[in-house]
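Dropping my_file.pdb in here (PDB, C-alpha atoms):
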MODEL        1
ATOM      1  CA  MET A   1      38.773 111.638   2.568  1.00  0.00           C
ATOM      2  CA  ASN A   2      36.140 112.947   0.154  1.00  0.00           C
ATOM      3  CA  LEU A   3      38.736 114.235  -2.277  1.00  0.00           C
ATOM      4  CA  LEU A   4      40.687 110.983  -2.506  1.00  0.00           C
ATOM      5  CA  SER A   5      37.862 108.466  -2.225  1.00  0.00           C
ATOM      6  CA  LYS A   6      35.292 110.372  -4.303  1.00  0.00           C
ATOM      7  CA  SER A   7      32.805 109.879  -1.491  1.00  0.00           C
ATOM      8  CA  ASP A   8      30.555 112.190   0.426  1.00  0.00           C
ATOM      9  CA  VAL A   9      31.608 111.730   4.041  1.00  0.00           C
ATOM     10  CA  PHE A  10      30.204 114.376   6.390  1.00  0.00           C
ATOM     11  CA  ALA A  11      32.823 117.083   6.945  1.00  0.00           C
ATOM     12  CA  GLU A  12      32.482 120.254   8.953  1.00  0.00           C
ATOM     13  CA  ASN A  13      35.030 122.630  10.464  1.00  0.00           C
ATOM     14  CA  LYS A  14      33.720 122.133  13.974  1.00  0.00           C
ATOM     15  CA  LEU A  15      34.937 120.324  17.079  1.00  0.00           C
ATOM     16  CA  PHE A  16      33.324 116.877  17.465  1.00  0.00           C
ATOM     17  CA  ALA A  17      31.536 117.169  14.101  1.00  0.00           C
ATOM     18  CA  THR A  18      32.721 113.619  13.405  1.00  0.00           C
ATOM     19  CA  LEU A  19      33.091 111.025  16.118  1.00  0.00           C
ATOM     20  CA  ASP A  20      33.332 107.846  14.050  1.00  0.00           C
ATOM     21  CA  THR A  21      36.156 106.438  11.994  1.00  0.00           C
ATOM     22  CA  THR A  22      35.290 106.190   8.289  1.00  0.00           C
ATOM     23  CA  VAL A  23      37.060 103.754   5.948  1.00  0.00           C
ATOM     24  CA  ARG A  24      36.972 103.884   2.152  1.00  0.00           C
ATOM     25  CA  LYS A  25      38.745 101.951  -0.580  1.00  0.00           C
ATOM     26  CA  VAL A  26      40.915 104.198  -2.748  1.00  0.00           C
ATOM     27  CA  VAL A  27      42.708 103.294  -5.976  1.00  0.00           C
ATOM     28  CA  ILE A  28      45.572 105.379  -7.326  1.00  0.00           C
ATOM     29  CA  ASP A  29      47.301 104.148 -10.501  1.00  0.00           C
ATOM     30  CA  ASN A  30      45.831 100.653 -10.071  1.00  0.00           C
ATOM     31  CA  GLN A  31      47.128 100.468  -6.495  1.00  0.00           C
ATOM     32  CA  PRO A  32      44.217  99.826  -4.111  1.00  0.00           C
ATOM     33  CA  PHE A  33      44.425 100.677  -0.419  1.00  0.00           C
ATOM     34  CA  LEU A  34      42.151 101.489   2.482  1.00  0.00           C
ATOM     35  CA  LEU A  35      41.965 105.066   3.708  1.00  0.00           C
ATOM     36  CA  SER A  36      40.689 105.682   7.238  1.00  0.00           C
ATOM     37  CA  ASP A  37      39.514 109.079   8.373  1.00  0.00           C
ATOM     38  CA  THR A  38      39.614 109.312  12.151  1.00  0.00           C
ATOM     39  CA  VAL A  39      38.617 111.784  14.802  1.00  0.00           C
ATOM     40  CA  GLY A  40      41.320 114.390  15.352  1.00  0.00           C
ATOM     41  CA  PHE A  41      43.480 114.368  18.460  1.00  0.00           C
ATOM     42  CA  ILE A  42      42.598 116.886  21.119  1.00  0.00           C
ATOM     43  CA  ARG A  43      44.831 118.291  23.817  1.00  0.00           C
ATOM     44  CA  LYS A  44      43.631 117.683  27.374  1.00  0.00           C
ATOM     45  CA  LEU A  45      40.761 115.454  26.323  1.00  0.00           C
ATOM     46  CA  PRO A  46      38.191 115.098  29.134  1.00  0.00           C
ATOM     47  CA  HIS A  47      38.399 111.644  30.731  1.00  0.00           C
ATOM     48  CA  THR A  48      34.718 111.054  29.973  1.00  0.00           C
ATOM     49  CA  LEU A  49      35.506 111.130  26.221  1.00  0.00           C
ATOM     50  CA  VAL A  50      38.624 108.952  26.233  1.00  0.00           C
ATOM     51  CA  GLU A  51      36.671 105.771  25.431  1.00  0.00           C
ATOM     52  CA  SER A  52      35.094 107.480  22.391  1.00  0.00           C
ATOM     53  CA  PHE A  53      38.562 107.988  20.944  1.00  0.00           C
ATOM     54  CA  LYS A  54      39.689 104.392  21.442  1.00  0.00           C
ATOM     55  CA  SER A  55      38.756 103.415  17.876  1.00  0.00           C
ATOM     56  CA  THR A  56      40.804 106.318  16.523  1.00  0.00           C
ATOM     57  CA  LEU A  57      43.840 105.252  18.531  1.00  0.00           C
ATOM     58  CA  ASP A  58      43.397 101.639  17.386  1.00  0.00           C
ATOM     59  CA  GLU A  59      43.196 102.755  13.733  1.00  0.00           C
ATOM     60  CA  VAL A  60      46.386 104.773  14.135  1.00  0.00           C
ATOM     61  CA  ARG A  61      48.265 101.899  15.762  1.00  0.00           C
ATOM     62  CA  GLU A  62      47.175  99.518  12.980  1.00  0.00           C
ATOM     63  CA  ALA A  63      47.903 101.884  10.068  1.00  0.00           C
ATOM     64  CA  ASP A  64      50.866 101.422   7.750  1.00  0.00           C
ATOM     65  CA  ILE A  65      51.044 105.119   6.820  1.00  0.00           C
ATOM     66  CA  LEU A  66      49.687 108.173   8.614  1.00  0.00           C
ATOM     67  CA  VAL A  67      48.396 111.199   6.740  1.00  0.00           C
ATOM     68  CA  HIS A  68      48.503 114.010   9.274  1.00  0.00           C
ATOM     69  CA  VAL A  69      46.187 116.783   8.066  1.00  0.00           C
ATOM     70  CA  ALA A  70      46.734 120.225   9.576  1.00  0.00           C
ATOM     71  CA  ASP A  71      44.720 123.370   8.869  1.00  0.00           C
ATOM     72  CA  ILE A  72      47.467 125.808   7.825  1.00  0.00           C
ATOM     73  CA  SER A  73      45.039 128.723   8.115  1.00  0.00           C
ATOM     74  CA  HIS A  74      44.423 128.051  11.838  1.00  0.00           C
ATOM     75  CA  PRO A  75      46.573 130.355  14.008  1.00  0.00           C
ATOM     76  CA  GLY A  76      47.358 127.479  16.391  1.00  0.00           C
ATOM     77  CA  HIS A  77      48.230 124.850  13.789  1.00  0.00           C
ATOM     78  CA  GLU A  78      51.778 124.378  15.120  1.00  0.00           C
ATOM     79  CA  GLU A  79      50.511 123.594  18.625  1.00  0.00           C
ATOM     80  CA  GLN A  80      47.954 121.202  17.136  1.00  0.00           C
ATOM     81  CA  ILE A  81      50.736 119.424  15.243  1.00  0.00           C
ATOM     82  CA  ASP A  82      52.691 119.113  18.496  1.00  0.00           C
ATOM     83  CA  VAL A  83      49.648 117.557  20.223  1.00  0.00           C
ATOM     84  CA  VAL A  84      49.367 114.940  17.468  1.00  0.00           C
ATOM     85  CA  ARG A  85      53.085 114.149  17.601  1.00  0.00           C
ATOM     86  CA  GLN A  86      52.980 113.773  21.373  1.00  0.00           C
ATOM     87  CA  THR A  87      49.901 111.546  21.129  1.00  0.00           C
ATOM     88  CA  LEU A  88      51.645 109.357  18.538  1.00  0.00           C
ATOM     89  CA  THR A  89      54.591 109.022  20.905  1.00  0.00           C
ATOM     90  CA  ASP A  90      52.290 108.229  23.831  1.00  0.00           C
ATOM     91  CA  ILE A  91      50.521 105.432  21.945  1.00  0.00           C
ATOM     92  CA  LYS A  92      53.821 104.111  20.549  1.00  0.00           C
ATOM     93  CA  ALA A  93      52.989 104.936  16.939  1.00  0.00           C
ATOM     94  CA  SER A  94      55.625 107.609  16.261  1.00  0.00           C
ATOM     95  CA  ASP A  95      57.751 105.235  14.161  1.00  0.00           C
ATOM     96  CA  LYS A  96      55.209 105.095  11.332  1.00  0.00           C
ATOM     97  CA  PRO A  97      55.766 106.938   8.047  1.00  0.00           C
ATOM     98  CA  VAL A  98      53.877 110.230   8.086  1.00  0.00           C
ATOM     99  CA  LEU A  99      52.714 112.288   5.158  1.00  0.00           C
ATOM    100  CA  MET A 100      52.350 115.797   6.608  1.00  0.00           C
ATOM    101  CA  LEU A 101      49.485 117.486   4.800  1.00  0.00           C
ATOM    102  CA  PHE A 102      48.847 121.199   5.235  1.00  0.00           C
ATOM    103  CA  ASN A 103      45.341 121.911   3.983  1.00  0.00           C
ATOM    104  CA  LYS A 104      43.469 125.170   3.353  1.00  0.00           C
ATOM    105  CA  ILE A 105      46.315 127.047   1.685  1.00  0.00           C
ATOM    106  CA  ASP A 106      43.614 129.083  -0.055  1.00  0.00           C
ATOM    107  CA  ALA A 107      42.563 130.461   3.348  1.00  0.00           C
ATOM    108  CA  TYR A 108      46.077 131.143   4.683  1.00  0.00           C
ATOM    109  CA  ARG A 109      46.758 134.789   5.535  1.00  0.00           C
ATOM    110  CA  PHE A 110      49.838 136.522   6.920  1.00  0.00           C
ATOM    111  CA  ASP A 111      50.949 140.025   7.854  1.00  0.00           C
ATOM    112  CA  GLU A 112      53.709 141.017   5.480  1.00  0.00           C
ATOM    113  CA  LYS A 113      56.614 142.721   7.234  1.00  0.00           C
ATOM    114  CA  GLU A 114      57.708 146.151   6.133  1.00  0.00           C
ATOM    115  CA  ALA A 115      61.090 146.165   4.360  1.00  0.00           C
ATOM    116  CA  ASP A 116      62.639 148.354   7.086  1.00  0.00           C
ATOM    117  CA  ASP A 117      61.258 146.244   9.977  1.00  0.00           C
ATOM    118  CA  LEU A 118      64.319 144.790  11.734  1.00  0.00           C
ATOM    119  CA  LEU A 119      62.393 142.775  14.306  1.00  0.00           C
ATOM    120  CA  PRO A 120      62.559 139.001  13.859  1.00  0.00           C
ATOM    121  CA  SER A 121      59.743 137.459  11.858  1.00  0.00           C
ATOM    122  CA  THR A 122      57.026 135.709  13.790  1.00  0.00           C
ATOM    123  CA  ARG A 123      54.653 133.011  12.584  1.00  0.00           C
ATOM    124  CA  LYS A 124      52.128 135.661  11.605  1.00  0.00           C
ATOM    125  CA  ASN A 125      54.721 137.299   9.305  1.00  0.00           C
ATOM    126  CA  LEU A 126      55.644 134.166   7.358  1.00  0.00           C
ATOM    127  CA  SER A 127      54.362 133.761   3.830  1.00  0.00           C
ATOM    128  CA  LEU A 128      53.073 130.401   2.671  1.00  0.00           C
ATOM    129  CA  GLU A 129      56.225 129.968   0.589  1.00  0.00           C
ATOM    130  CA  GLU A 130      58.393 130.572   3.677  1.00  0.00           C
ATOM    131  CA  LEU A 131      56.386 128.049   5.689  1.00  0.00           C
ATOM    132  CA  GLU A 132      56.770 125.489   2.890  1.00  0.00           C
ATOM    133  CA  LYS A 133      60.559 125.980   2.914  1.00  0.00           C
ATOM    134  CA  ILE A 134      60.692 125.576   6.698  1.00  0.00           C
ATOM    135  CA  TRP A 135      58.712 122.323   6.636  1.00  0.00           C
ATOM    136  CA  MET A 136      60.563 120.945   3.624  1.00  0.00           C
ATOM    137  CA  ALA A 137      63.895 121.673   5.329  1.00  0.00           C
ATOM    138  CA  LYS A 138      62.878 119.592   8.344  1.00  0.00           C
ATOM    139  CA  GLY A 139      62.961 116.573   6.064  1.00  0.00           C
ATOM    140  CA  ASP A 140      61.646 114.105   8.652  1.00  0.00           C
ATOM    141  CA  ASN A 141      58.389 113.578   6.723  1.00  0.00           C
ATOM    142  CA  VAL A 142      56.992 114.282   3.290  1.00  0.00           C
ATOM    143  CA  SER A 143      55.242 117.665   3.591  1.00  0.00           C
ATOM    144  CA  LEU A 144      52.581 118.838   1.156  1.00  0.00           C
ATOM    145  CA  PHE A 145      50.568 122.051   0.961  1.00  0.00           C
ATOM    146  CA  ILE A 146      47.133 121.761  -0.638  1.00  0.00           C
ATOM    147  CA  SER A 147      43.614 123.101  -0.771  1.00  0.00           C
ATOM    148  CA  ALA A 148      41.097 120.274  -0.845  1.00  0.00           C
ATOM    149  CA  THR A 149      38.154 122.556  -1.610  1.00  0.00           C
ATOM    150  CA  GLU A 150      39.948 124.443  -4.397  1.00  0.00           C
ATOM    151  CA  LYS A 151      41.768 121.281  -5.585  1.00  0.00           C
ATOM    152  CA  ILE A 152      45.189 122.963  -5.475  1.00  0.00           C
ATOM    153  CA  HIS A 153      48.176 120.552  -5.559  1.00  0.00           C
ATOM    154  CA  VAL A 154      45.899 117.518  -5.308  1.00  0.00           C
ATOM    155  CA  ASP A 155      47.977 115.684  -7.919  1.00  0.00           C
ATOM    156  CA  ASN A 156      51.010 116.111  -5.645  1.00  0.00           C
ATOM    157  CA  LEU A 157      49.027 114.516  -2.809  1.00  0.00           C
ATOM    158  CA  ARG A 158      47.948 111.583  -4.947  1.00  0.00           C
ATOM    159  CA  GLU A 159      51.505 110.994  -6.166  1.00  0.00           C
ATOM    160  CA  ALA A 160      53.037 111.192  -2.677  1.00  0.00           C
ATOM    161  CA  LEU A 161      50.387 108.872  -1.269  1.00  0.00           C
ATOM    162  CA  PHE A 162      50.866 106.446  -4.157  1.00  0.00           C
ATOM    163  CA  GLN A 163      54.630 106.366  -3.517  1.00  0.00           C
ATOM    164  CA  GLN A 164      54.112 105.702   0.206  1.00  0.00           C
ATOM    165  CA  VAL A 165      51.549 102.949  -0.449  1.00  0.00           C
ATOM    166  CA  ARG A 166      53.775 101.379  -3.112  1.00  0.00           C
ATOM    167  CA  LYS A 167      56.703 101.349  -0.686  1.00  0.00           C
ATOM    168  CA  VAL A 168      54.636  99.518   1.955  1.00  0.00           C
ATOM    169  CA  ALA A 169      53.315  97.085  -0.656  1.00  0.00           C
ATOM    170  CA  ARG A 170      56.866  96.267  -1.818  1.00  0.00           C
ATOM    171  CA  GLN A 171      57.948  95.577   1.755  1.00  0.00           C
ATOM    172  CA  ARG A 172      54.918  93.417   2.518  1.00  0.00           C
ATOM    173  CA  TRP A 173      54.621  91.546  -0.796  1.00  0.00           C
ATOM    174  CA  PRO A 174      57.997  91.845  -2.611  1.00  0.00           C
ATOM    175  CA  GLU A 175      57.165  89.045  -5.054  1.00  0.00           C
ATOM    176  CA  LYS A 176      53.980  90.799  -6.239  1.00  0.00           C
ATOM    177  CA  VAL A 177      55.199  94.370  -6.718  1.00  0.00           C
ATOM    178  CA  PRO A 178      57.747  94.901  -9.512  1.00  0.00           C
ATOM    179  CA  ARG A 179      60.795  96.916  -8.400  1.00  0.00           C
ATOM    180  CA  ASP A 180      60.992  98.906 -11.621  1.00  0.00           C
ATOM    181  CA  TYR A 181      57.331  99.946 -11.560  1.00  0.00           C
ATOM    182  CA  THR A 182      57.061 103.708 -11.114  1.00  0.00           C
ATOM    183  CA  GLY A 183      53.349 104.171 -11.626  1.00  0.00           C
TER
ENDMDL
END
Rewrite the structure from the file as structure tokens, please.
Amino acid sequence: MNLLSKSDVFAENKLFATLDTTVRKVVIDNQPFLLSDTVGFIRKLPHTLVESFKSTLDEVREADILVHVADISHPGHEEQIDVVRQTLTDIKASDKPVLMLFNKIDAYRFDEKEADDLLPSTRKNLSLEELEKIWMAKGDNVSLFISATEKIHVDNLREALFQQVRKVARQRWPEKVPRDYTG
């Protein structure tokens, strides 16, 4: 959110650090759009907190495009991704275009396998490049690998987001968005 909107929204790597949805106007290549930053989905959310997450679920259902941010350096990021996907299915929002964003590539670490190690690779043995190939091969969503703090591959994020927003704008207002405009 801060990177794209040039704002200073509170951000901390801590559970429940943010409980409110934040919306900012963003402009990329003269294409304005609203960007909402919501509370992350949590597996087995206590029933007492479900109401607090209602606004997040409403934002997701109303969104045209979802930017799913995953912390690639977290050892359980794949399970977290599964929780989000299941939640999207549960709230009937799994048909929306998703830009899969793997953040914190600067903090990603792996245990390199020895050349003579014949055991199958595990997640902890995969290099960042191998993970990128795996996610790109899935092909169901646009997948990007960035570091927001170090500003690595941020231009790729802006371009992918611009393309997704432009696609939605063309569908919604075909008479206002030229077909041959590439940005």
Written as a PyMOL selection string, what is the full residue list that the PyMOL selection byres ((chain A and resi 84-95) around 12) yields on the file shown?
chain A and resi 39-45+53-54+56-70+77-83+96-98+100+140-141
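CA of Arg109 (chain A) to CA of Glu150 (chain A) spans 15.9 Å [interatomic distance, one decimal].
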For a quick check of understanding, using all atoms listed in the file, which of A:Gln171, A:Thr122, A:Ser147, A:Ser127 has the smallest distance to Ala107 (chain A)?
A:Ser147
From A:Ala169, A:Leu4, A:Ile28, A:Leu126, residue lying nearest Val154 (chain A) [all atoms listed in the file]:
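Using all atoms listed in the file, the shortest distance to Val154 (chain A) belongs to A:Leu4.
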Just how far from CA of Trp173 (chain A) is CA of Leu161 (chain A), in Å to one decimal?
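Computed distance, CA of Leu161 (chain A) to CA of Trp173 (chain A), equals 17.8 Å.
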Selection result of the PyMOL selection byres ((chain A and resi 36) around 6) on this file, as a list in words:
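Applied to this file, the PyMOL selection byres ((chain A and resi 36) around 6) returns Thr22, Val23, Leu35 and Asp37 of chain A.
CA of Lys113 (chain A) lies 28.7 Å from CA of Thr149 (chain A).
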Env of region 162-165 of chain A: 9 Å cut, atoms = all atoms listed in the file, seq-sep filter 3 positions within chain, self excluded. Answer as a CSV table (one decimal) with C-alpha atoms, in the frame of the given file.
chain,number,residue,atom,x,y,z
A,27,VAL,CA,42.7,103.3,-6.0
A,28,ILE,CA,45.6,105.4,-7.3
A,29,ASP,CA,47.3,104.1,-10.5
A,31,GLN,CA,47.1,100.5,-6.5
A,32,PRO,CA,44.2,99.8,-4.1
A,33,PHE,CA,44.4,100.7,-0.4
A,64,ASP,CA,50.9,101.4,7.8
A,65,ILE,CA,51.0,105.1,6.8
A,97,PRO,CA,55.8,106.9,8.0
A,99,LEU,CA,52.7,112.3,5.2
A,157,LEU,CA,49.0,114.5,-2.8
A,158,ARG,CA,47.9,111.6,-4.9
A,159,GLU,CA,51.5,111.0,-6.2
A,168,VAL,CA,54.6,99.5,2.0
A,169,ALA,CA,53.3,97.1,-0.7
A,170,ARG,CA,56.9,96.3,-1.8
A,182,THR,CA,57.1,103.7,-11.1
A,183,GLY,CA,53.3,104.2,-11.6
Using only C-alpha atoms, the shortest atom-to-atom distance to Lys124 (chain A) among A:Lys167, A:Lys138, A:Lys104, A:His74 belongs to A:His74
Box for region 102-116 of chain A: with edges along x, y and z, all listed atoms inside and 3 Å added on each side, what are the centre and edge lengths in Å to one decimal, as AutoDock Vina command-line options?
--center_x 52.6 --center_y 134.8 --center_z 3.9 --size_x 26.1 --size_y 33.2 --size_z 13.9
Among listed residues A:Ile146, A:Arg24, A:Asp116, A:Phe110, nearest Glu130 (chain A) (using all atoms listed in the file):
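Ranked by minimum distance to Glu130 (chain A), first place goes to A:Phe110.
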Show me the residues close to (48.6, 128.9, 5.4) - anything with an atom within 6 Å, counting only C-alpha atoms - and format the list as a JSON list (two decimals) with C-alpha atoms, in the frame of the given file.
[["chain", "number", "residue", "atom", "x", "y", "z"],
["A", 72, "ILE", "CA", 47.47, 125.81, 7.82],
["A", 73, "SER", "CA", 45.04, 128.72, 8.12],
["A", 105, "ILE", "CA", 46.32, 127.05, 1.68],
["A", 108, "TYR", "CA", 46.08, 131.14, 4.68],
["A", 128, "LEU", "CA", 53.07, 130.40, 2.67]]
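Considering only C-alpha atoms, the residue among A:Val26, A:Arg166, A:Leu144, A:Asp71 positioned nearest to Glu129 (chain A) is A:Leu144.
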